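For reference, data04.cif (mmCIF, C-alpha atoms):
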data_final
#
loop_
_atom_site.label_atom_id
_atom_site.label_comp_id
_atom_site.auth_asym_id
_atom_site.auth_seq_id
_atom_site.Cartn_x
_atom_site.Cartn_y
_atom_site.Cartn_z
CA MET A 276 60.26 -40.70 15.19
CA LEU A 277 59.88 -42.79 12.06
CA GLU A 278 56.12 -42.11 11.97
CA THR A 279 56.73 -38.38 12.39
CA SER A 280 59.23 -38.43 9.52
CA VAL A 281 56.76 -40.29 7.28
CA ASP A 282 53.95 -37.84 8.12
CA SER A 283 56.21 -34.87 7.38
CA GLY A 284 57.12 -36.41 4.04
CA LYS A 285 53.45 -36.87 3.14
CA ASP A 286 52.67 -33.25 4.09
CA ARG A 287 55.51 -32.02 1.87
CA GLU A 288 54.25 -34.13 -1.02
CA GLN A 289 50.69 -32.82 -0.60
CA GLY A 290 51.98 -29.24 -0.42
CA GLN A 291 54.05 -29.71 -3.54
CA SER A 292 51.08 -31.31 -5.31
CA LEU A 293 48.81 -28.37 -4.44
CA ASN A 294 51.44 -25.89 -5.56
CA GLN A 295 51.83 -27.76 -8.84
CA ILE A 296 48.05 -27.79 -9.41
CA PHE A 297 47.91 -24.06 -8.60
CA ARG A 298 50.77 -23.26 -11.05
CA GLU A 299 49.24 -25.37 -13.81
CA ASN A 300 45.85 -23.68 -13.43
CA LEU A 301 47.09 -20.18 -12.65
CA LYS A 302 46.04 -18.80 -16.02
CA TYR A 303 42.50 -20.13 -15.57
CA ILE A 304 42.26 -18.72 -12.04
CA LEU A 305 43.48 -15.33 -13.27
CA ALA A 306 41.01 -15.45 -16.16
CA VAL A 307 38.12 -16.11 -13.75
CA LEU A 308 39.23 -13.28 -11.46
CA ILE A 309 39.54 -10.85 -14.39
CA VAL A 310 36.13 -11.81 -15.78
CA TRP A 311 34.58 -11.46 -12.30
CA ALA A 312 36.24 -8.07 -11.77
CA ILE A 313 34.84 -6.85 -15.10
CA THR A 314 31.33 -8.26 -14.71
CA PHE A 315 30.79 -7.63 -10.98
CA PRO A 316 29.82 -3.91 -11.39
CA TRP A 317 27.34 -4.87 -14.12
CA ILE A 318 25.89 -7.69 -11.99
CA LEU A 319 25.57 -5.33 -9.01
CA ARG A 320 23.85 -2.69 -11.15
CA ASN A 321 21.42 -5.18 -12.73
CA LYS A 322 20.88 -7.50 -9.78
CA ASP A 323 17.12 -6.83 -9.64
CA THR A 324 16.66 -7.73 -13.32
CA ILE A 325 18.78 -10.88 -12.93
CA LEU A 326 16.85 -11.98 -9.85
CA ALA A 327 13.57 -11.31 -11.66
CA LYS A 328 14.66 -13.57 -14.53
CA PHE A 329 15.67 -16.31 -12.11
CA THR A 330 12.29 -15.98 -10.40
CA LEU A 331 10.51 -16.19 -13.76
CA ALA A 332 12.47 -19.32 -14.67
CA TYR A 333 11.74 -20.82 -11.25
CA ASN A 334 8.02 -20.10 -11.62
CA SER A 335 8.01 -21.50 -15.16
CA PHE A 336 9.62 -24.72 -13.95
CA PHE A 337 6.93 -25.31 -11.33
CA GLY A 338 4.12 -23.95 -13.47
CA TYR A 339 2.58 -20.52 -12.98
CA PRO A 340 0.23 -19.73 -11.48
CA ASN A 341 0.26 -22.76 -9.22
CA PRO A 342 -2.55 -22.62 -6.64
CA ARG A 343 -1.42 -25.90 -5.08
CA ILE A 344 1.99 -24.49 -4.09
CA ALA A 345 0.39 -21.21 -3.02
CA HIS A 346 -2.10 -22.98 -0.75
CA GLN A 347 0.64 -25.16 0.75
CA LEU A 348 2.70 -22.09 1.65
CA ILE A 349 -0.33 -20.31 3.06
CA ALA A 350 -1.14 -23.37 5.17
CA LYS A 351 2.38 -23.28 6.61
CA GLY A 352 1.97 -19.63 7.53
CA ASP A 353 -1.42 -20.33 9.11
CA ALA A 354 0.09 -23.19 11.13
CA VAL A 355 2.74 -20.88 12.57
CA LEU A 356 0.09 -18.43 13.73
CA GLU A 357 -2.26 -21.10 15.07
CA GLY A 358 0.56 -22.54 17.16
CA ARG A 359 0.99 -19.17 18.85
CA LYS A 360 -2.70 -18.72 19.62
CA GLU A 361 -2.65 -21.52 22.18
CA GLY A 362 -0.51 -19.69 24.69
CA GLY A 363 0.96 -22.54 26.60
CA THR A 364 3.64 -24.51 28.23
CA ASP A 365 6.56 -24.62 25.78
CA ILE A 366 9.65 -24.09 27.94
CA LEU A 367 11.54 -22.35 25.13
CA GLN A 368 8.67 -19.91 24.69
CA THR A 369 8.65 -19.34 28.44
CA ILE A 370 12.32 -18.39 28.37
CA ASN A 371 11.86 -16.08 25.37
CA GLN A 372 8.72 -14.36 26.62
CA PHE A 373 8.95 -11.50 29.05
CA PHE A 374 5.87 -9.73 30.27
CA SER A 375 5.17 -7.18 32.94
CA SER A 376 6.14 -7.76 36.55
CA GLU A 377 2.53 -8.12 37.68
CA GLU A 378 2.17 -11.33 39.65
CA ASN A 379 -0.70 -12.65 37.56
CA THR A 380 1.09 -12.20 34.23
CA LYS A 381 4.78 -12.69 35.04
CA GLY A 382 6.19 -15.68 33.19
CA SER A 383 2.88 -16.34 31.41
CA ILE A 384 2.82 -17.13 27.71
CA LEU A 385 0.00 -14.96 26.51
CA PRO A 386 -1.53 -16.22 23.26
CA LEU A 387 -1.18 -14.42 19.95
CA ASP A 388 -3.81 -11.81 19.14
CA LEU A 389 -3.03 -10.02 15.85
CA ALA A 390 -5.48 -7.22 16.66
CA LEU A 391 -3.66 -6.56 19.93
CA MET A 392 -0.30 -6.54 18.14
CA GLU A 393 -1.65 -4.03 15.64
CA LYS A 394 -2.93 -1.89 18.49
CA ALA A 395 0.50 -2.01 20.18
CA CYS A 396 2.17 -1.02 16.92
CA LEU A 397 -0.12 1.99 16.46
CA TYR A 398 0.22 2.94 20.14
CA PHE A 399 4.01 3.17 20.08
CA ARG A 400 4.11 4.82 16.69
CA SER A 401 1.84 7.55 18.07
CA LYS A 402 4.33 8.07 20.92
CA GLU A 403 7.59 7.98 18.98
CA HIS A 404 8.97 11.11 20.64
CA VAL A 405 7.78 10.38 24.18
CA GLU A 406 10.28 9.50 26.91
CA ASP A 407 10.31 5.79 27.78
CA HIS A 408 9.26 6.30 31.40
CA PHE A 409 6.07 8.01 30.22
CA LEU A 410 5.15 4.91 28.21
CA GLU A 411 4.81 2.64 31.24
CA LEU A 412 1.16 1.61 31.54
CA THR A 413 -0.77 1.65 34.79
CA TRP A 414 -2.59 -1.50 35.92
CA ARG A 415 -5.88 0.26 35.11
CA GLU A 416 -4.78 0.95 31.52
CA LYS A 417 -3.71 -2.68 31.13
CA ALA A 418 -7.03 -3.95 32.42
CA ARG A 419 -9.09 -1.49 30.39
CA ASP A 420 -7.20 -1.16 27.10
CA TRP A 421 -4.96 -4.18 26.65
CA GLY A 422 -7.10 -7.16 27.47
CA SER A 423 -8.10 -9.81 24.96
CA PRO A 424 -10.75 -12.57 24.93
CA LEU A 425 -7.90 -15.00 24.27
CA PHE A 426 -6.44 -14.28 27.70
CA LEU A 427 -9.59 -15.14 29.65
CA LYS A 428 -8.99 -18.88 29.51
CA MET A 429 -5.66 -18.34 31.26
CA ALA A 430 -7.13 -16.34 34.14
CA PRO A 431 -8.10 -17.96 37.46
CA GLN A 432 -11.87 -17.90 37.79
CA GLY A 433 -13.17 -14.68 39.29
CA GLU A 434 -9.84 -12.81 39.08
CA LEU A 435 -9.07 -9.73 37.03
CA THR A 436 -6.69 -10.43 34.15
CA LEU A 437 -4.38 -7.56 33.30
CA GLY A 438 -3.25 -7.14 29.75
CA PRO A 439 0.45 -7.37 28.89
CA ASN A 440 2.97 -4.64 28.51
CA PRO A 441 2.21 -3.89 24.83
CA LYS A 442 5.84 -3.49 23.76
CA ASP A 443 6.93 -6.75 25.40
CA TYR A 444 3.84 -8.53 24.07
CA TRP A 445 4.58 -7.35 20.51
CA ASN A 446 8.23 -8.42 20.79
CA SER A 447 7.22 -11.84 22.11
CA HIS A 448 5.31 -12.74 18.95
CA ILE A 449 6.93 -10.69 16.17
CA ASP A 450 9.31 -13.45 15.00
CA ALA A 451 6.44 -15.86 14.46
CA VAL A 452 4.32 -13.23 12.71
CA LEU A 453 7.21 -12.35 10.37
CA THR A 454 7.71 -16.05 9.60
CA ALA A 455 4.04 -16.30 8.61
CA LEU A 456 4.38 -13.11 6.55
CA ASP A 457 7.33 -14.66 4.70
CA TYR A 458 5.24 -17.76 3.83
CA TYR A 459 2.40 -15.56 2.57
CA LYS A 460 4.74 -13.47 0.42
CA ARG A 461 6.23 -16.64 -1.07
CA ALA A 462 2.69 -17.84 -1.79
CA LEU A 463 2.06 -14.58 -3.65
CA ARG A 464 4.59 -15.69 -6.29
CA PHE A 465 2.35 -18.61 -7.22
CA SER A 466 -1.19 -17.39 -6.49
CA GLY A 467 -1.74 -15.50 -9.77
CA PRO A 468 -5.23 -13.93 -9.92
CA GLU A 469 -6.30 -15.46 -6.57
CA LEU A 470 -6.79 -12.84 -3.85
CA ILE A 471 -6.12 -15.11 -0.87
CA ALA A 472 -2.37 -14.36 -0.55
CA PRO A 473 -2.73 -10.53 -0.43
CA LYS A 474 -5.48 -10.89 2.17
CA LYS A 475 -3.26 -13.11 4.30
CA ILE A 476 -0.43 -10.59 3.96
CA GLU A 477 -2.77 -7.85 5.11
CA SER A 478 -3.80 -9.88 8.16
CA VAL A 479 -0.25 -9.91 9.53
CA ALA A 480 1.30 -6.78 8.00
CA TRP A 481 -0.56 -4.38 10.28
CA ALA A 482 0.40 -6.46 13.32
CA SER A 483 4.08 -6.44 12.31
CA CYS A 484 4.12 -2.64 11.70
CA ARG A 485 4.71 -3.16 7.98
CA PRO A 486 1.78 -1.59 6.10
CA SER A 487 3.92 -1.26 2.96
CA GLU A 488 3.70 -5.06 2.62
CA ILE A 489 -0.06 -4.67 2.08
CA LEU A 490 0.55 -2.28 -0.77
CA LEU A 491 3.06 -4.70 -2.27
CA GLY A 492 0.60 -7.59 -1.97
CA TYR A 493 -2.34 -5.88 -3.65
CA LYS A 494 -0.23 -4.21 -6.35
CA THR A 495 1.35 -7.59 -7.16
CA HIS A 496 -2.11 -9.18 -7.35
CA MET A 497 -3.26 -6.41 -9.71
CA LEU A 498 -0.30 -6.87 -12.06
CA GLU A 499 -0.36 -10.67 -11.94
CA THR A 500 -4.08 -10.67 -12.76
CA GLU A 501 -3.45 -8.45 -15.78
CA ASN A 502 -0.51 -10.60 -16.92
CA PHE A 503 -2.57 -13.77 -16.52
CA VAL A 504 -5.42 -12.36 -18.63
CA LEU A 505 -3.04 -10.97 -21.27
CA LYS A 506 -1.36 -14.37 -21.60
CA LYS A 507 -4.74 -16.11 -21.96
CA LEU A 508 -5.95 -13.62 -24.57
CA THR A 509 -2.68 -13.91 -26.49
CA GLU A 510 -2.96 -17.72 -26.54
CA LEU A 511 -6.51 -17.34 -27.91
CA GLU A 512 -5.22 -14.80 -30.47
CA LYS A 513 -7.60 -12.12 -29.16
CA VAL A 514 -4.95 -9.40 -28.86
CA PRO A 515 -4.47 -7.54 -32.18
CA SER A 516 -0.87 -7.04 -33.20
CA GLY A 517 0.70 -3.61 -33.09
CA LEU A 518 -1.11 -2.40 -29.98
CA SER A 519 0.62 -0.05 -27.57
CA ALA A 520 1.01 -0.95 -23.89
CA VAL A 521 -1.94 1.31 -22.99
CA GLN A 522 -4.14 -0.27 -25.68
CA LYS A 523 -3.23 -3.76 -24.49
CA ARG A 524 -4.19 -2.79 -20.96
CA SER A 525 -7.59 -1.57 -22.19
CA VAL A 526 -8.16 -4.95 -23.85
CA VAL A 527 -7.16 -6.72 -20.62
CA LEU A 528 -9.37 -4.51 -18.41
CA SER A 529 -12.32 -5.07 -20.73
CA SER A 530 -11.80 -8.83 -20.47
CA ILE A 531 -11.57 -8.72 -16.67
CA LYS A 532 -14.73 -6.62 -16.42
CA ARG A 533 -16.60 -9.11 -18.63
CA SER A 534 -15.31 -12.03 -16.52
CA ASP A 535 -14.08 -13.88 -19.60
CA PHE A 536 -12.05 -16.36 -17.55
CA SER A 537 -13.34 -18.34 -14.60
CA GLU A 538 -10.00 -18.05 -12.79
CA VAL A 539 -10.32 -14.25 -12.68
CA SER A 540 -12.78 -12.37 -10.47
CA ALA A 541 -13.59 -8.80 -11.49
CA ASN A 542 -14.61 -8.06 -7.88
CA ASP A 543 -11.27 -9.33 -6.53
CA TYR A 544 -9.38 -7.22 -9.06
CA LEU A 545 -11.40 -4.10 -8.20
CA GLU A 546 -10.85 -4.77 -4.49
CA SER A 547 -7.09 -4.79 -5.10
CA LEU A 548 -7.35 -1.41 -6.80
CA LEU A 549 -9.45 0.12 -4.03
CA ARG A 550 -7.29 -1.32 -1.26
CA GLN A 551 -4.21 0.31 -2.74
CA ILE A 552 -5.84 3.73 -2.41
CA LEU A 553 -8.24 3.50 0.53
CA LEU A 554 -6.39 1.18 2.90
CA THR A 555 -2.82 2.42 2.69
CA GLY A 556 -3.48 6.01 1.67
CA MET A 557 -1.08 5.53 -1.24
CA LYS A 558 1.69 7.00 0.92
CA ASN A 559 4.26 4.72 -0.67
CA PHE A 560 3.19 5.44 -4.25
CA SER A 561 4.44 8.18 -6.51
CA PRO A 562 1.68 10.48 -7.85
CA ARG A 563 2.05 9.01 -11.33
CA GLU A 564 1.63 5.48 -10.00
CA MET A 565 -1.50 6.69 -8.24
CA ASP A 566 -2.85 8.02 -11.53
CA ASP A 567 -2.46 4.55 -13.08
CA ILE A 568 -4.63 3.15 -10.30
CA TYR A 569 -7.26 5.89 -10.66
CA GLU A 570 -7.42 5.23 -14.40
CA ARG A 571 -8.15 1.55 -13.78
CA ILE A 572 -10.75 2.31 -11.10
CA LEU A 573 -12.59 4.82 -13.27
CA TYR A 574 -12.72 2.25 -16.07
CA PHE A 575 -14.31 -0.29 -13.75
CA VAL A 576 -16.64 2.04 -11.86
CA GLY A 577 -18.17 3.59 -14.97
CA ALA A 578 -19.97 6.91 -15.32
CA ASP A 579 -23.32 5.44 -14.30
CA GLU A 580 -22.25 4.68 -10.73
CA LYS A 581 -22.21 7.11 -7.79
CA GLU A 582 -18.56 6.40 -6.92
CA TYR A 583 -17.46 7.72 -10.32
CA LEU A 584 -17.77 11.40 -9.35
CA LYS A 585 -15.84 10.86 -6.12
CA PHE A 586 -12.91 9.24 -7.90
CA LYS A 587 -12.96 11.91 -10.60
CA PHE A 588 -12.61 14.52 -7.85
CA ARG A 589 -9.75 12.63 -6.20
CA ARG A 590 -7.96 12.29 -9.51
CA GLY A 591 -8.37 16.05 -9.97
CA GLU A 592 -6.73 16.56 -6.57
CA LEU A 593 -3.85 14.38 -7.72
CA PHE A 594 -3.32 16.42 -10.89
CA PHE A 595 -3.57 19.61 -8.84
CA GLN A 596 -0.76 18.30 -6.64
CA LEU A 597 1.35 17.50 -9.72
CA GLY A 598 0.68 21.01 -11.02
CA ALA A 599 3.17 22.38 -8.49
CA GLU A 600 5.90 20.56 -10.44
CA GLU A 601 4.51 20.84 -13.97
CA GLU A 602 1.98 23.58 -14.72
CA THR A 603 0.19 21.65 -17.48
CA TYR A 604 -1.26 19.37 -14.81
CA TYR A 605 -3.41 22.27 -13.56
CA LYS A 606 -5.19 22.13 -16.92
CA ARG A 607 -5.79 18.40 -16.50
CA ALA A 608 -6.97 19.03 -12.93
CA ALA A 609 -9.50 21.59 -14.19
CA ILE A 610 -10.90 19.04 -16.66
CA GLU A 611 -11.23 16.37 -13.94
CA PHE A 612 -12.93 18.77 -11.52
CA LYS A 613 -15.35 19.89 -14.24
CA GLU A 614 -16.33 16.27 -14.92
CA ALA A 615 -16.58 15.61 -11.18
CA ALA A 616 -19.08 18.47 -10.92
CA ASN A 617 -21.41 16.89 -13.49
CA ILE A 618 -23.84 15.56 -10.89
CA GLN A 619 -26.41 14.71 -13.58
CA LEU A 620 -24.48 11.46 -13.96
CA ALA A 621 -25.59 10.44 -10.47
CA ALA A 622 -28.88 12.32 -10.09
CA GLU A 623 -31.03 9.36 -11.14
CA ILE A 624 -29.52 6.89 -8.66
CA GLU A 625 -32.30 5.89 -6.25
CA ASP A 626 -30.43 6.03 -2.94
CA ILE A 627 -28.41 9.15 -3.72
CA ASN A 628 -28.04 11.80 -0.99
CA LEU A 629 -28.96 14.95 -2.94
CA PRO A 630 -27.75 17.56 -0.38
CA ALA A 631 -24.37 15.83 -0.17
CA LEU A 632 -24.26 15.67 -3.97
CA LEU A 633 -24.83 19.43 -4.15
CA VAL A 634 -21.97 20.03 -1.70
CA HIS A 635 -19.77 17.85 -3.90
CA GLU A 636 -20.78 19.87 -6.99
CA PHE A 637 -19.94 23.18 -5.28
CA GLU A 638 -16.53 21.98 -4.09
CA SER A 639 -15.66 20.52 -7.50
CA LYS A 640 -16.53 23.77 -9.27
CA MET A 641 -14.52 25.76 -6.73
CA LYS A 642 -11.48 23.51 -7.31
CA GLU A 643 -11.91 23.95 -11.07
CA ALA A 644 -11.79 27.72 -10.55
CA GLU A 645 -8.69 27.36 -8.37
CA SER A 646 -6.97 25.35 -11.11
CA TYR A 647 -7.55 28.15 -13.62
CA HIS A 648 -6.32 30.65 -11.03
CA LYS A 649 -3.05 28.68 -10.81
CA LEU A 650 -2.85 28.86 -14.62
CA LYS A 651 -3.28 32.66 -14.35
CA GLU A 652 -6.54 32.40 -16.32
CA ASN A 653 -8.31 34.56 -13.76
CA SER A 654 -11.19 35.74 -15.97
CA LYS A 655 -12.23 32.13 -16.52
CA SER A 656 -11.79 31.44 -12.81
CA LEU A 657 -13.98 34.39 -11.83
CA ALA A 658 -16.72 33.32 -14.22
CA ILE A 659 -16.93 29.96 -12.45
CA LEU A 660 -16.88 31.60 -8.99
CA ASP A 661 -19.64 34.06 -9.98
CA ALA A 662 -21.76 31.15 -11.22
CA LEU A 663 -21.40 29.57 -7.76
CA LYS A 664 -22.89 32.57 -5.90
CA PRO A 665 -26.51 31.40 -6.29
CA LYS A 666 -25.42 27.98 -5.01
CA LEU A 667 -23.87 29.22 -1.76
CA ARG A 668 -26.96 27.98 0.03
CA ASN A 669 -25.81 24.42 -0.72
CA VAL A 670 -22.81 24.84 1.62
CA ASP A 671 -24.18 27.20 4.29
CA GLU A 672 -26.27 26.29 7.35
CA ARG A 673 -28.94 24.72 5.14
CA SER A 674 -26.59 22.17 3.63
CA VAL A 675 -26.29 18.60 4.78
CA GLY A 676 -24.53 18.51 8.14
CA GLY A 677 -24.68 22.30 8.54
CA LYS A 678 -22.35 25.05 7.41
CA LYS A 679 -19.26 23.91 5.48
CA ASP A 680 -16.54 26.27 6.71
CA ASP A 681 -13.85 24.13 5.11
CA ILE A 682 -15.43 24.97 1.74
CA LEU A 683 -16.79 28.49 2.35
CA LYS A 684 -13.54 29.99 3.61
CA PRO A 685 -11.46 28.73 0.66
CA TYR A 686 -14.22 29.98 -1.67
CA HIS A 687 -14.08 33.51 -0.26
CA ASN A 688 -10.27 33.54 -0.12
CA LEU A 689 -10.06 32.34 -3.72
CA THR A 690 -12.60 34.93 -4.91
CA ARG A 691 -10.67 37.68 -3.13
CA SER A 692 -7.38 36.56 -4.67
CA VAL A 693 -8.83 36.31 -8.20
CA LEU A 694 -10.41 39.77 -7.99
CA ARG A 695 -7.12 41.31 -6.88
CA LYS A 696 -5.24 39.62 -9.73
CA LEU A 697 -7.77 41.24 -12.08
CA GLY A 698 -7.17 44.66 -10.46
CA ARG A 699 -10.64 44.81 -8.88
CA TYR A 700 -9.37 45.69 -5.41
CA GLU A 701 -12.51 47.42 -4.09
CA GLU A 702 -14.65 44.36 -4.80
CA ALA A 703 -12.04 42.13 -3.21
CA ASP A 704 -11.98 44.26 -0.05
CA GLU A 705 -15.77 44.01 0.26
CA ILE A 706 -15.47 40.28 0.98
CA PRO A 707 -15.23 39.97 4.78
CA PHE A 708 -12.41 37.85 6.18
CA ASN A 709 -14.55 36.28 8.91
CA GLU A 710 -16.93 34.51 6.53
#
Please express what this file holds, its structure, as structure tokens.
Amino acid sequence: MLETSVDSGKDREQGQSLNQIFRENLKYILAVLIVWAITFPWILRNKDTILAKFTLAYNSFFGYPNPRIAHQLIAKGDAVLEGRKEGGTDILQTINQFFSSEENTKGSILPLDLALMEKACLYFRSKEHVEDHFLELTWREKARDWGSPLFLKMAPQGELTLGPNPKDYWNSHIDAVLTALDYYKRALRFSGPELIAPKKIESVAWASCRPSEILLGYKTHMLETENFVLKKLTELEKVPSGLSAVQKRSVVLSSIKRSDFSEVSANDYLESLLRQILLTGMKNFSPREMDDIYERILYFVGADEKEYLKFKFRRGELFFQLGAEEETYYKRAAIEFKEAANIQLAAEIEDINLPALLVHEFESKMKEAESYHKLKENSKSLAILDALKPKLRNVDERSVGGKKDDILKPYHNLTRSVLRKLGRYEEADEIPFNE
């Protein structure tokens, strides 16, 4: 009883002490709560900027770029993947893996194959609206479509090895693949103008059904390369004062193209640009972001290379798309298509395919005419279409690959529409619809 009484007394003293401390510091606690209540909305609204500044400070502390840290992180990601390629005997993996009920695969730990994971991802994305029971694979489909050389070492000699259920196989490895992806993305913060981190991200992003990560990786590499070069040029006092952002970028691009710094590869930078367009289809970019990429590519490709005309045409298509929102872009599209049609720029290239080049010229001119039609400048549009009549042979049966219906039909439809807008209905009706 005495001990209980002593303990109760101590508890009361502690409680009184805490209450006293709370009362003495009440004004400070209230001040903190008021400040937090006032600043919280601002912090929430500007969280991305704040995090970016913390990241910049963190990178500055460790040195940036820092290939050593980048390579260490990449090595950790590689180790995660390599550990999964062994298949194996880990009891925890055995519990977490579930494959099909086939006797020769049940309970097996099938090794990691990123290509097979990518295939599974694409397979189920293509069947998003299909009932689950229609997705069950037959043994023949597993043997024919879902095998992997990595599985052969696990098969008893002379026996057929069935592939896994693709959904279960993908689920069995996705945690490890995402862990590796996280290491590669962390490495991207330190890799600077090195291309290794984006390539590693690409290697696992398809397998994890996250193609947007590829776009992030290559866009980050592009921007970090430009920032690295700008910083170097500024330190060497080679950036004139008073330049606009666009002018500074021109100075940076010129330096990259000349390979002024050993740490920067012009080929790696150009690969980042091309990957953003060709590999991901730019589906996650706004049209104006796409134009920034096309501008950089056209600077690097140069008018004396055969790819120049192709990218001019694609930039014209981009402006044509933007014209639906802002009519002035149709004018810019017409200019791009006109330049894309200037095949003299590529005519002297030794290995050029002339028939294909003539098809390109015809299509570019037709798109130029369509741009003027959208601007209601139909007389100018008709002049271009009339000039194309002698060149119809370039896209009929005599053209490369045979008749180009995907070009001929739009040409006739556009001509018919332009003539009607000009009030020349009889001429428009003379153009047959089945051409």
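With only C-alpha atoms as the atoms that count, the residue of A:Lys684, A:Ala609, A:Tyr303, A:Val634 with the shortest distance to Ser656 (chain A) is A:Ala609.
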Report as a PyMOL selection string all protein, DNA and RNA residues lying within 8 Å of region 446-452 of chain A, evaluated on all atoms listed in the file, omitting residues in the same chain fewer than 2 positions from it. chain A and resi 355-356+359+371-373+387+442-444+454-456+479+482-483
Expanded to explicit residues, what is the PyMOL selection byres ((chain A and resi 706) around 9) for this file, as a tab-separated table (two decimals) with C-alpha atoms, in the frame of the given file?
chain	number	residue	atom	x	y	z
A	687	HIS	CA	-14.08	33.51	-0.26
A	688	ASN	CA	-10.27	33.54	-0.12
A	690	THR	CA	-12.60	34.93	-4.91
A	691	ARG	CA	-10.67	37.68	-3.13
A	702	GLU	CA	-14.65	44.36	-4.80
A	703	ALA	CA	-12.04	42.13	-3.21
A	704	ASP	CA	-11.98	44.26	-0.05
A	705	GLU	CA	-15.77	44.01	0.26
A	707	PRO	CA	-15.23	39.97	4.78
A	708	PHE	CA	-12.41	37.85	6.18
A	709	ASN	CA	-14.55	36.28	8.91
A	710	GLU	CA	-16.93	34.51	6.53
Rank A:Glu636, A:Tyr647, A:Phe575, A:Asn341 by their smallest atom-to-atom distance to Thr603 (chain A), using all atoms listed in the file, and report the top residue only. A:Tyr647
Apply the PyMOL selection byres ((chain A and resi 567-569) around 12) to the file shown and report the selected residues as a PyMOL selection string. chain A and resi 493-494+497-498+521+524+544-553+557+560-566+570-577+582-594+611
Translate the PyMOL selection byres ((chain A and resi 682) around 9) into a concrete residue list for this structure, as a ChimeraX atom specification. /A:634,637-638,641,670,678-681,683-687
Resulting file, chosen residues, C-alpha atoms, as an mmCIF file, keeping the file's coordinate frame:
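Listed below is the output, again23.cif:
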data_model
loop_
_atom_site.group_PDB
_atom_site.id
_atom_site.type_symbol
_atom_site.label_atom_id
_atom_site.label_comp_id
_atom_site.auth_asym_id
_atom_site.auth_seq_id
_atom_site.Cartn_x
_atom_site.Cartn_y
_atom_site.Cartn_z
ATOM 1 C CA VAL A 634 -21.970 20.030 -1.700
ATOM 2 C CA PHE A 637 -19.940 23.180 -5.280
ATOM 3 C CA GLU A 638 -16.530 21.980 -4.090
ATOM 4 C CA MET A 641 -14.520 25.760 -6.730
ATOM 5 C CA VAL A 670 -22.810 24.840 1.620
ATOM 6 C CA LYS A 678 -22.350 25.050 7.410
ATOM 7 C CA LYS A 679 -19.260 23.910 5.480
ATOM 8 C CA ASP A 680 -16.540 26.270 6.710
ATOM 9 C CA ASP A 681 -13.850 24.130 5.110
ATOM 10 C CA LEU A 683 -16.790 28.490 2.350
ATOM 11 C CA LYS A 684 -13.540 29.990 3.610
ATOM 12 C CA PRO A 685 -11.460 28.730 0.660
ATOM 13 C CA TYR A 686 -14.220 29.980 -1.670
ATOM 14 C CA HIS A 687 -14.080 33.510 -0.260
#
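CA of Gly358 (chain A) lies 17.8 Å from CA of Ile476 (chain A).
The two atoms in question, CA of Lys474 (chain A) and CA of Tyr459 (chain A), are spaced 9.2 Å apart.
Pairwise distance (CA of Ser537 (chain A), CA of Gly492 (chain A)) equals 21.7 Å.
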So that I can check the surroundings of Phe536 (chain A), please list as a VMD selection string every protein, DNA and RNA residue that reaches within 9 Å of it, counting all atoms listed in the file and ignoring chain neighbours fewer than 4 positions away. chain A and resid 504 507 530 to 531 540
